[in-house]
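Beneath this line is the structure, given in structure tokens, with notes to follow.
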Amino acid sequence: MKIKAAVTPGQGKDFIIEEIDLAAPKTNEVLVKIVATGVCHTDAVARDADIAPLPAVLGHEGSGIIEEVGEGVTRLKKGDHVVLSFAHCGHCENYLTGHPTVCETFNDLNFWGMNDDYSHRLLKDGKPLSTFIGQSSFGTFAVAHERNVVKVDKDVDLALLGPFGCGIQTGAGTVLNSIKPEFGSTIAIYGAGAVGSWFKYDNGSKNSRP
Ligand SMILES: [Zn+2]
Ligand SMILES: [Zn+2]
């Protein structure tokens with residue numbers, strides 16, 4: 001299908017809004033009409049540094065409405081409101097022990113830019129564009145694996161939910177999993193955005209983000 005997307009044509013280049021082709025969802029994938037997307041620092045890094053192949057459609061904090069589901073999808077249906085997040089394999093030891101953020105194939109799935117059969121989901125005039133972090137949300141529609149799509153209540157404004165896909169869970173994870181504040185303790189978070197600024201905490205680790 002034809003969609004409009006903010007294409008990053010090359011390193012350090014401005015986004016260009018273009019009409020491109022998006023492949024239909026495969027067996028366990030869903031097509032999402034994007035309602036809103038956050039813009040994360042990692043999108044800027046991917047635009048300016050060499051962490052993912054370009055040209056690409058970046059964006060990894062999408063929220064939207066399910067438009068179509070692949071034939072193997074059972075827990076999501078057309079019309080569901082969803083937030084999109086990072087891709088993970090669904091079967092490695094780290095995933096099965098509750099740590100999908102350190103999936104053993106995280107880098108391949110999120111930064112490789114193509115499907116696991118070497119095909120591309122996004123094309124511009126027949127030429128491949130890389131996908132990014134399991135979604136490429138800087139477009140009017142995105143396709144994602146059902147595993148990295150989370151259903152949300154319809155009475156919550158989708159325009160506010162995109163950053164749950166990365167920034168808010170990153171900040172919350174740092175507080176809950178690394179700082180592990182005791183009940184009743186107080187935390188000050190400095191800096192703008194869902195993640196805040198860099199700071200140093202005294203548990204032997206290097207810099208982290210609140
Ligand atoms: Zn894995
Ligand atoms: Zn991010």
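Please note that chains go A, B, ... in the order of the structure tokens, that every chain numbers its residues from 1, and that ligands are numbered from 1 in the order shown.
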
Could you give me the residues within 6 Å of ligand 2, counting only C-alpha atoms and all ligand atoms, as a JSON list (two decimals) with C-alpha atoms, in the first residue's frame?
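Saved as selection35.json:
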```json
[["chain", "number", "residue", "atom", "x", "y", "z"],
["A", 40, "CYS", "CA", 13.35, 9.81, 20.78],
["A", 42, "THR", "CA", 17.82, 7.41, 19.37],
["A", 166, "CYS", "CA", 10.60, 3.60, 24.53],
["A", 167, "GLY", "CA", 11.24, 6.71, 26.63]]
```

### Query
Using only C-alpha atoms, which residues sit within 7 Å of Thr131 in chain A once same-chain residues fewer than 5 positions away are excluded, as a list in words?
Ala56, Val57, Leu58, Gly113, Met114, Leu122 and Ser136 of chain A

#### Entry: Protein and nucleic residues near ligand 1, 7 Å, only C-alpha atoms and all ligand atoms, as a PyMOL selection string
chain A and resi 88-95+100+103-106

Please write the residues from the selection above to a file, keeping C-alpha atoms, as a PDB file, in the first residue's frame.
```
ATOM      1  CA  HIS A  88      12.386  -9.216  20.286  1.00  0.00           C
ATOM      2  CA  CYS A  89      12.613 -12.855  19.271  1.00  0.00           C
ATOM      3  CA  GLY A  90      10.139 -14.484  21.647  1.00  0.00           C
ATOM      4  CA  HIS A  91      12.227 -17.610  22.330  1.00  0.00           C
ATOM      5  CA  CYS A  92      15.769 -16.899  23.581  1.00  0.00           C
ATOM      6  CA  GLU A  93      16.769 -17.482  27.215  1.00  0.00           C
ATOM      7  CA  ASN A  94      16.758 -13.780  28.060  1.00  0.00           C
ATOM      8  CA  TYR A  95      13.261 -13.355  26.620  1.00  0.00           C
ATOM      9  CA  PRO A 100      13.101  -8.952  26.258  1.00  0.00           C
ATOM     10  CA  CYS A 103      17.006 -10.395  23.619  1.00  0.00           C
ATOM     11  CA  GLU A 104      20.015 -12.201  22.137  1.00  0.00           C
ATOM     12  CA  THR A 105      19.092 -10.981  18.645  1.00  0.00           C
ATOM     13  CA  PHE A 106      17.981  -7.494  19.719  1.00  0.00           C
TER      14      PHE A 106
END
```

#### Entry: Polymer residues at most 10 Å from range 168-170 of chain A, only C-alpha atoms, same-chain spacing of 3 or more positions, as a ChimeraX atom specification
/A:61,85,101,161-165,173-176,193-196,209-210

### Query
Looking only at the backbone, which of the residues in range 150-190 of chain A does DSSP tag as alpha helix (DSSP H), as a ChimeraX atom specification?
/A:167-173

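Atom pair CA of Asp43 in chain A / CA of Ala5 in chain A: separated by 14.2 Å.
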
### Message
Nearest residue to Asp108 in chain A out of A:Ala142, A:Val152, A:Val35, A:Ala52, using only C-alpha atoms?
### Response
A:Ala52

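Counting only C-alpha atoms, the residue from A:Leu84, A:Ala36, A:Phe132, A:His145 that sits nearest to Gly70 in chain A is A:His145.
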
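Nearest residue to Ala23 in chain A among A:Ala87, A:Val143, A:Val149, A:Leu158 is A:Val143, counting only C-alpha atoms.
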
### Pick from A:Lys180, A:Lys26, A:Lys33, A:His60 nearest to Phe111 in chain A, counting only C-alpha atoms
A:His60

### Query
Quick one: distance from CA of Ala49 in chain A to CA of Ile16 in chain A in Å, one decimal?
17.8 Å

### Message
Please compute the CA of Val69 in chain A-CA of Lys154 in chain A distance, one decimal, in Å.
### Response
18.3 Å

### Task
Might you pull out every residue within 12 Å of Gly72 in chain A, with only C-alpha atoms counted and same-chain residues fewer than 3 positions away left off, and present them as a ChimeraX atom specification?
/A:25-30,68-69,75-77,145-147
